[in-house]
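Student: My file is final_26.txt. It has compact mmCIF, C-alpha atoms (C1' of nucleotides):
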# COMPACT_ATOMS: atom_id res chain seq x y z
CA MET A 66 3.64 9.98 -16.36
CA THR A 67 3.33 13.73 -16.18
CA GLY A 68 -0.27 13.50 -15.01
CA GLU A 69 -3.03 16.01 -15.35
CA ARG A 70 -2.33 19.54 -14.20
CA LEU A 71 -4.89 21.65 -12.34
CA THR A 72 -6.49 24.16 -14.68
CA ARG A 73 -7.44 27.82 -14.60
CA ARG A 74 -11.00 26.75 -13.97
CA PHE A 75 -9.92 25.02 -10.75
CA TYR A 76 -8.15 28.08 -9.38
CA ARG A 77 -10.75 30.65 -10.36
CA ARG A 78 -13.12 29.46 -7.66
CA GLY A 79 -13.28 31.01 -4.18
CA PRO A 80 -10.33 30.62 -1.77
CA VAL A 81 -12.19 28.39 0.70
CA THR A 82 -13.27 26.02 -2.05
CA VAL A 83 -9.78 25.93 -3.52
CA ALA A 84 -8.09 25.53 -0.13
CA LYS A 85 -10.15 22.39 0.55
CA ALA A 86 -9.82 21.05 -2.99
CA LEU A 87 -6.04 21.40 -2.93
CA LEU A 88 -5.69 18.93 -0.05
CA GLY A 89 -4.32 15.69 -1.46
CA GLN A 90 -3.10 17.26 -4.74
CA ILE A 91 0.54 17.10 -5.76
CA LEU A 92 2.76 20.18 -5.77
CA VAL A 93 5.52 19.85 -8.36
CA ARG A 94 8.72 21.90 -8.36
CA ARG A 95 11.11 21.31 -11.26
CA LEU A 96 14.62 22.63 -10.71
CA ASP A 97 16.87 24.08 -13.37
CA ASP A 98 18.69 20.74 -13.67
CA GLY A 99 15.40 19.02 -14.49
CA GLN A 100 15.02 17.28 -11.18
CA GLU A 101 11.45 17.03 -9.93
CA LEU A 102 10.63 17.64 -6.28
CA THR A 103 7.07 16.72 -5.36
CA GLY A 104 4.86 16.59 -2.31
CA ARG A 105 1.26 15.91 -1.42
CA ILE A 106 -0.51 18.98 -0.08
CA VAL A 107 -1.71 18.22 3.46
CA GLU A 108 -2.41 21.66 4.95
CA THR A 109 -3.75 24.94 3.52
CA GLU A 110 -5.14 28.28 4.62
CA ALA A 111 -7.62 30.50 2.80
CA TYR A 112 -7.07 34.28 2.66
CA LEU A 113 -10.28 35.88 1.56
CA GLY A 114 -9.07 39.20 0.20
CA THR A 115 -9.92 42.83 0.85
CA GLN A 116 -12.37 42.17 3.70
CA ASP A 117 -10.06 39.70 5.48
CA LYS A 118 -7.99 41.52 8.10
CA ALA A 119 -5.37 38.73 8.07
CA SER A 120 -4.84 39.04 4.32
CA HIS A 121 -2.03 41.02 2.77
CA SER A 122 -4.68 42.58 0.52
CA TYR A 123 -6.89 43.74 3.41
CA GLY A 124 -8.61 47.01 2.63
CA GLY A 125 -7.48 46.83 -0.97
CA ARG A 126 -3.84 47.23 -0.06
CA ARG A 127 -1.72 46.85 -3.15
CA THR A 128 2.05 47.11 -2.98
CA GLN A 129 5.09 45.78 -4.73
CA ARG A 130 5.17 42.88 -2.30
CA ASN A 131 1.59 41.64 -2.79
CA GLU A 132 1.17 42.59 -6.44
CA SER A 133 0.89 38.92 -7.46
CA MET A 134 -2.26 38.51 -5.40
CA TYR A 135 -4.04 40.60 -8.03
CA LEU A 136 -3.16 38.23 -10.86
CA ASP A 137 -5.65 35.77 -12.31
CA GLY A 138 -6.40 32.58 -10.38
CA GLY A 139 -3.70 29.96 -10.88
CA HIS A 140 -0.68 32.20 -10.43
CA ALA A 141 1.89 31.91 -7.63
CA TYR A 142 2.10 34.50 -4.88
CA VAL A 143 5.41 34.14 -3.05
CA TYR A 144 6.36 36.49 -0.23
CA PHE A 145 9.22 36.89 2.23
CA VAL A 146 8.55 36.96 5.99
CA TYR A 147 10.40 37.28 9.29
CA GLY A 148 13.56 38.20 7.46
CA MET A 149 14.27 34.65 6.33
CA HIS A 150 11.36 32.59 5.03
CA TRP A 151 9.59 32.34 1.69
CA CYS A 152 5.92 31.36 1.69
CA PHE A 153 4.08 29.93 -1.30
CA ASN A 154 0.47 30.79 -2.12
CA VAL A 155 -1.86 29.93 -4.96
CA VAL A 156 -3.88 32.90 -6.22
CA THR A 157 -7.63 32.29 -6.49
CA GLN A 158 -10.58 33.93 -8.29
CA ARG A 159 -10.24 36.41 -11.15
CA GLU A 160 -7.60 38.94 -12.01
CA GLY A 161 -8.09 41.97 -9.81
CA VAL A 162 -9.67 39.96 -6.96
CA PRO A 163 -6.77 39.52 -4.48
CA SER A 164 -7.56 36.23 -2.70
CA ALA A 165 -5.19 33.31 -2.19
CA VAL A 166 -4.47 30.00 -0.51
CA LEU A 167 -1.31 29.55 1.57
CA ILE A 168 0.23 26.10 1.17
CA ARG A 169 1.32 25.27 4.72
CA ALA A 170 2.59 21.70 4.56
CA LEU A 171 3.41 18.82 2.24
CA GLU A 172 4.00 15.12 2.55
CA PRO A 173 7.31 14.71 0.65
CA LEU A 174 7.02 12.26 -2.25
CA ALA A 175 9.91 12.66 -4.71
CA GLY A 176 13.32 14.32 -4.62
CA LEU A 177 13.77 13.55 -0.94
CA ASP A 178 17.56 13.71 -1.02
CA ALA A 179 17.49 17.15 -2.63
CA MET A 180 14.98 18.33 -0.03
CA ARG A 181 17.18 17.00 2.75
CA HIS A 182 20.12 18.86 1.26
CA HIS A 183 18.19 22.13 0.94
CA ARG A 184 16.85 21.85 4.49
CA GLY A 185 19.97 20.53 6.12
CA ARG A 186 17.88 17.94 7.90
CA GLN A 187 17.32 14.23 7.48
CA ARG A 188 13.99 13.36 9.04
CA LEU A 189 11.16 13.21 6.54
CA VAL A 190 8.75 15.00 8.84
CA GLU A 191 11.08 17.99 9.12
CA LEU A 192 11.31 18.63 5.39
CA CYS A 193 7.96 20.22 4.47
CA SER A 194 5.90 20.45 7.69
CA GLY A 195 5.44 24.22 7.58
CA PRO A 196 5.24 27.06 5.03
CA GLY A 197 8.81 28.23 5.59
CA LYS A 198 10.12 24.68 5.54
CA LEU A 199 8.50 23.67 2.25
CA GLY A 200 9.68 26.90 0.68
CA GLU A 201 13.23 26.01 1.58
CA ALA A 202 12.89 22.33 0.67
CA LEU A 203 11.48 23.09 -2.80
CA ARG A 204 13.66 26.14 -3.40
CA ILE A 205 10.71 28.45 -3.72
CA ASP A 206 11.73 32.12 -3.64
CA ARG A 207 11.16 35.44 -5.41
CA THR A 208 12.15 33.93 -8.75
CA VAL A 209 8.83 32.05 -8.92
CA ASP A 210 6.64 34.86 -7.58
CA GLY A 211 3.95 35.56 -10.17
CA VAL A 212 4.55 32.37 -12.13
CA ASP A 213 1.52 30.94 -13.95
CA LEU A 214 0.92 27.50 -12.45
CA THR A 215 -1.25 26.51 -15.40
CA SER A 216 1.61 26.81 -17.89
CA SER A 217 4.92 26.89 -15.99
CA GLY A 218 7.30 23.96 -16.22
CA GLU A 219 9.06 24.83 -12.99
CA LEU A 220 6.08 25.03 -10.64
CA PHE A 221 2.55 23.60 -10.86
CA VAL A 222 0.01 21.33 -9.16
CA ARG A 223 -0.70 17.86 -10.48
CA ARG A 224 -4.14 16.37 -9.98
CA ALA A 225 -3.97 13.34 -7.71
CA ARG A 226 -5.71 10.14 -8.71
CA SER A 227 -7.57 10.15 -5.46
CA VAL A 228 -7.88 12.78 -2.77
CA ALA A 229 -10.12 10.76 -0.46
CA SER A 230 -8.99 11.62 3.05
CA ARG A 231 -10.65 12.83 6.17
CA THR A 232 -10.09 16.56 6.49
CA VAL A 233 -10.47 18.87 9.44
CA LEU A 234 -10.35 22.62 9.98
CA GLY A 235 -9.39 25.20 12.56
CA PRO A 236 -8.09 28.79 12.98
CA ARG A 237 -5.26 30.09 10.86
CA ILE A 238 -1.75 30.31 12.29
CA GLY A 239 0.23 33.42 13.11
CA VAL A 240 -2.48 35.98 12.45
CA ASP A 241 -3.33 37.07 16.00
CA TYR A 242 -3.09 40.69 14.90
CA ALA A 243 -6.21 40.22 12.74
CA GLY A 244 -8.74 40.56 15.55
CA GLY A 245 -11.83 38.41 15.01
CA TRP A 246 -10.45 37.24 11.70
CA ALA A 247 -7.80 35.26 13.56
CA ASP A 248 -10.48 32.95 14.92
CA LYS A 249 -12.29 32.07 11.71
CA HIS A 250 -11.83 28.46 10.75
CA LEU A 251 -10.00 29.00 7.49
CA ARG A 252 -7.19 26.45 7.91
CA PHE A 253 -7.69 22.99 6.48
CA TRP A 254 -5.60 19.87 6.83
CA ILE A 255 -5.70 16.15 6.32
CA ALA A 256 -6.53 14.49 9.62
CA ASP A 257 -3.77 12.68 11.47
CA ASN A 258 -1.16 13.45 8.83
CA PRO A 259 2.25 13.63 10.54
CA ASN A 260 3.45 16.18 8.00
CA ALA A 261 0.92 18.85 8.93
CA SER A 262 2.58 21.78 10.69
CA ARG A 263 2.74 21.40 14.42
CA ARG A 264 1.31 24.16 16.53
CA LYS A 265 0.30 24.02 20.13
CA LYS A 266 -3.00 24.73 21.75
CA ARG A 267 -4.89 27.92 21.07
CA LEU A 268 -7.00 29.43 23.77
CA HIS A 269 -10.32 30.61 22.44
CA PRO A 270 -13.88 29.64 23.31
CA ASP A 271 -14.68 28.80 19.69
CA TRP A 272 -11.67 26.59 19.37
CA GLY A 273 -10.53 24.94 22.59
CA GLY A 274 -8.25 22.59 20.71
CA ALA A 275 -11.09 20.60 19.22
CA GLN A 276 -11.16 19.83 15.53
CA GLN A 277 -14.19 20.25 13.36
CA LYS A 278 -15.04 18.08 10.45
CA ALA A 279 -14.40 19.93 7.22
CA GLY A 280 -17.88 18.99 6.11
CA ASN A 281 -19.14 21.56 8.56
CA VAL A 282 -17.24 24.36 6.94
CA ALA A 283 -20.31 25.60 5.15
CA SER A 284 -21.77 26.57 8.49
CA ASN A 285 -18.73 28.70 9.23
CA TRP A 286 -17.32 30.13 6.05
CA ARG A 287 -17.96 29.65 2.41
CA ASP A 288 -17.11 31.53 -0.72
CA ALA A 289 -19.43 34.35 -1.65
C1' DT B 218 6.28 18.42 26.32
C1' DT B 219 5.44 23.29 26.56
C1' DG B 220 6.68 27.85 26.07
C1' DC B 221 9.83 31.66 25.34
C1' DC B 222 12.84 34.13 22.45
C1' DG B 223 16.32 35.52 19.03
C1' DA B 224 17.46 35.51 14.14
C1' DT B 225 17.24 38.53 10.06
C1' DT B 226 15.54 41.75 6.41
C1' DA B 227 12.13 43.47 2.92
C1' DC B 228 8.68 46.43 3.03
C1' DC B 229 5.46 49.63 4.77
C1' DT B 230 4.09 53.90 7.76
C1' DG C 151 11.44 52.87 13.09
C1' DG C 152 8.31 48.87 13.47
C1' DT C 153 6.64 44.70 12.06
C1' DA C 154 5.94 40.12 9.99
C1' DA C 155 0.75 34.30 6.95
C1' DT C 156 8.18 31.29 10.76
C1' DC C 157 11.52 28.31 12.63
C1' DG C 158 14.54 26.04 15.83
C1' DG C 159 17.08 25.98 20.08
C1' DC C 160 16.93 25.89 24.81
C1' DA C 161 15.13 26.20 29.58
C1' DA C 162 11.83 24.78 32.79
C1' DC C 163 8.72 21.56 34.34
Show the structure stored in the file as structure tokens.
Tutor:
Amino acid sequence: MTGERLTRRFYRRGPVTVAKALLGQILVRRLDDGQELTGRIVETEAYLGTQDKASHSYGGRRTQRNESMYLDGGHAYVYFVYGMHWCFNVVTQREGVPSAVLIRALEPLAGLDAMRHHRGRQRLVELCSGPGKLGEALRIDRTVDGVDLTSSGELFVRRARSVASRTVLGPRIGVDYAGGWADKHLRFWIADNPNASRRKKRLHPDWGGAQQKAGNVASNWRDA
DNA sequence: TTGCCGATTACCT
DNA sequence: GGTAATCGGCAAC
């Protein structure tokens, strides 16, 4: 019933590996009243750490806000953006190595009515199809920043029976300020899933709107 | 359907 | 004082 939970060993790998492996897994949020809200992870982004200009830990930056990125793999890194949204990340690699995976979209599975209430919207596809949306739908905020996903009862990732799906990759979203790092194909999603976040065309010679098969990721980026 | 823009605030320079 | 790993509404086409 509860299912197997992803372990420390899973999260301690590199962010690209973890970002791809998280696709298809089940994010579980248990509220104070015991209700379980769950969703299948359908879109992720890898943030490589100190060398990655798009990462909050670029150049070794360490502040009160991003402190959780320095925790051991398997902890939650939750931050506040644009004055109104909470974004949920899974910390990867070892303590002191500030890399993470942003969970960008879910396919809602359980607790749909609660999610609708939290979001103030009815349509399934509008509940968790974006990092800010899923944060609101699952009531993820500063209270779960730094939580250990390998032991917490209120937030963790359940291993799915099967994660067989065609996956694709492309540039990360909203990181245009990161120069060349904005164009690296470090976003991964399950092909044709209606719950993936919707973003329009991106003009860049390496991108051009085409999708690459995730199997080609090794030729672009891989964990050191 | 595409694209622009305001909302709103914690945190950093 | 400026900006941000976003979202949703609205105008124009």
Student: Taking all atoms listed in the file into account, report as a PyMOL selection string which residues of chain B lie within 10 Å of chain A.
Tutor: chain B and resi 219-220+224-229
Student: Tell me the residues of chain C close to chain A, meaning within 8 Å using all atoms listed in the file, as a ChimeraX atom specification.
Tutor: /C:154-157
Student: Up to 12 Å from (14.3, 22.0, -2.1) in the file's coordinates: name the residues, counting only C-alpha atoms (C1' of nucleotides), as a ChimeraX atom specification.
Tutor: /A:93-97,100-104,151,173,175-186,192-193,197-206
Student: Which value, in Å to one decimal, gives the distance between CA of Val233 (chain A) and CA of His250 (chain A)?
Tutor: 9.8 Å
Student: So, with only C-alpha atoms as the atoms that count, which of A:Ala261, A:Val162, A:Ala243, A:Leu251 lies closest to Ile106 (chain A)?
Tutor: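 Nearest to Ile106 (chain A): A:Ala261.
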Student: What does the distance between C1' of DA162 (chain C) and CA of Asp241 (chain A) come to in Å, to one decimal place?
Tutor: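 Computed distance, C1' of DA162 (chain C) to CA of Asp241 (chain A), equals 25.7 Å.
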Student: Expressed in Å to a single decimal, how great is the separation between CA of Thr72 (chain A) and CA of Ser262 (chain A)?
Tutor: 27.0 Å
Student: Show me a table, sorted first by chain and then by increasing residue number, of the residues of region 177-256 of chain A having an atom at most 12 Å from region 76-88 of chain A, each with its shortest atom pair and the distance in Å to one decimal, counting only C-alpha atoms and written as a tab-separated table.
Tutor:
residue	atom	partner	partner_atom	distance
A:Asp213	CA	A:Tyr76	CA	11.1
A:Leu214	CA	A:Tyr76	CA	9.6
A:Thr215	CA	A:Tyr76	CA	9.3
A:Phe221	CA	A:Tyr76	CA	11.7
A:Val222	CA	A:Leu87	CA	8.7
A:Arg223	CA	A:Leu87	CA	9.9
A:Arg224	CA	A:Leu87	CA	8.9
A:Ala225	CA	A:Leu87	CA	9.6
A:Ser227	CA	A:Leu88	CA	10.5
A:Val228	CA	A:Leu88	CA	7.1
A:Ala229	CA	A:Leu88	CA	9.3
A:Ser230	CA	A:Leu88	CA	8.6
A:Arg231	CA	A:Leu88	CA	10.0
A:Thr232	CA	A:Leu88	CA	8.2
A:Val233	CA	A:Lys85	CA	9.6
A:Leu234	CA	A:Lys85	CA	9.4
A:Lys249	CA	A:Val81	CA	11.6
A:His250	CA	A:Val81	CA	10.1
A:Leu251	CA	A:Val81	CA	7.2
A:Arg252	CA	A:Ala84	CA	8.1
A:Phe253	CA	A:Lys85	CA	6.4
A:Trp254	CA	A:Leu88	CA	6.9
A:Ile255	CA	A:Leu88	CA	7.0
A:Ala256	CA	A:Leu88	CA	10.7
Student: Since the input lacks some atoms of region 80-103 of chain A, please model N, CA, C and O atoms and print them as a compact mmCIF listing (two decimals), in the coordinates of the input.
Tutor:
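So the final result, stored in part.txt, reads:
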# COMPACT_ATOMS: atom_id res chain seq x y z
N PRO A 80 -11.48 31.12 -2.52
CA PRO A 80 -10.33 30.62 -1.77
C PRO A 80 -10.66 29.48 -0.80
O PRO A 80 -9.83 28.59 -0.60
N VAL A 81 -11.83 29.48 -0.22
CA VAL A 81 -12.19 28.39 0.70
C VAL A 81 -12.37 27.10 -0.08
O VAL A 81 -11.85 26.04 0.30
N THR A 82 -13.06 27.18 -1.19
CA THR A 82 -13.27 26.02 -2.05
C THR A 82 -11.94 25.47 -2.54
O THR A 82 -11.68 24.26 -2.48
N VAL A 83 -11.07 26.36 -2.99
CA VAL A 83 -9.78 25.93 -3.52
C VAL A 83 -8.89 25.37 -2.41
O VAL A 83 -8.20 24.36 -2.60
N ALA A 84 -8.93 26.00 -1.25
CA ALA A 84 -8.09 25.53 -0.13
C ALA A 84 -8.44 24.09 0.23
O ALA A 84 -7.56 23.26 0.49
N LYS A 85 -9.72 23.76 0.23
CA LYS A 85 -10.15 22.39 0.55
C LYS A 85 -9.84 21.44 -0.59
O LYS A 85 -9.40 20.31 -0.37
N ALA A 86 -10.04 21.92 -1.82
CA ALA A 86 -9.82 21.05 -2.99
C ALA A 86 -8.35 20.76 -3.24
O ALA A 86 -8.00 19.79 -3.90
N LEU A 87 -7.47 21.61 -2.72
CA LEU A 87 -6.04 21.40 -2.93
C LEU A 87 -5.48 20.28 -2.04
O LEU A 87 -4.44 19.69 -2.34
N LEU A 88 -6.17 19.99 -0.95
CA LEU A 88 -5.69 18.93 -0.05
C LEU A 88 -5.63 17.61 -0.82
O LEU A 88 -6.59 17.22 -1.48
N GLY A 89 -4.48 16.96 -0.76
CA GLY A 89 -4.32 15.69 -1.46
C GLY A 89 -3.70 15.83 -2.84
O GLY A 89 -3.21 14.85 -3.41
N GLN A 90 -3.68 17.04 -3.40
CA GLN A 90 -3.10 17.26 -4.74
C GLN A 90 -1.57 17.32 -4.63
O GLN A 90 -1.03 17.48 -3.54
N ILE A 91 -0.91 17.22 -5.77
CA ILE A 91 0.54 17.10 -5.76
C ILE A 91 1.23 18.38 -6.25
O ILE A 91 1.08 18.77 -7.41
N LEU A 92 1.99 19.01 -5.37
CA LEU A 92 2.76 20.18 -5.77
C LEU A 92 4.05 19.71 -6.42
O LEU A 92 4.75 18.86 -5.88
N VAL A 93 4.33 20.26 -7.61
CA VAL A 93 5.52 19.85 -8.36
C VAL A 93 6.45 21.05 -8.56
O VAL A 93 6.04 22.10 -9.04
N ARG A 94 7.71 20.87 -8.16
CA ARG A 94 8.72 21.90 -8.36
C ARG A 94 9.84 21.28 -9.20
O ARG A 94 10.46 20.30 -8.78
N ARG A 95 10.04 21.83 -10.40
CA ARG A 95 11.11 21.31 -11.26
C ARG A 95 12.28 22.29 -11.23
O ARG A 95 12.13 23.46 -11.57
N LEU A 96 13.43 21.78 -10.82
CA LEU A 96 14.62 22.63 -10.71
C LEU A 96 15.26 22.84 -12.07
O LEU A 96 14.90 22.19 -13.06
N ASP A 97 16.20 23.75 -12.12
CA ASP A 97 16.87 24.08 -13.37
C ASP A 97 17.53 22.85 -13.99
O ASP A 97 17.63 22.73 -15.22
N ASP A 98 18.02 21.94 -13.15
CA ASP A 98 18.69 20.74 -13.67
C ASP A 98 17.69 19.67 -14.09
O ASP A 98 18.10 18.56 -14.46
N GLY A 99 16.41 19.98 -14.04
CA GLY A 99 15.40 19.02 -14.49
C GLY A 99 14.85 18.12 -13.40
O GLY A 99 13.85 17.43 -13.61
N GLN A 100 15.50 18.14 -12.26
CA GLN A 100 15.02 17.28 -11.18
C GLN A 100 13.65 17.73 -10.67
O GLN A 100 13.40 18.92 -10.52
N GLU A 101 12.79 16.75 -10.41
CA GLU A 101 11.45 17.03 -9.93
C GLU A 101 11.34 16.77 -8.43
O GLU A 101 11.63 15.68 -7.96
N LEU A 102 10.89 17.79 -7.71
CA LEU A 102 10.63 17.64 -6.28
C LEU A 102 9.11 17.72 -6.12
O LEU A 102 8.49 18.67 -6.59
N THR A 103 8.52 16.71 -5.49
CA THR A 103 7.07 16.72 -5.36
C THR A 103 6.62 16.40 -3.94
O THR A 103 7.34 15.76 -3.16
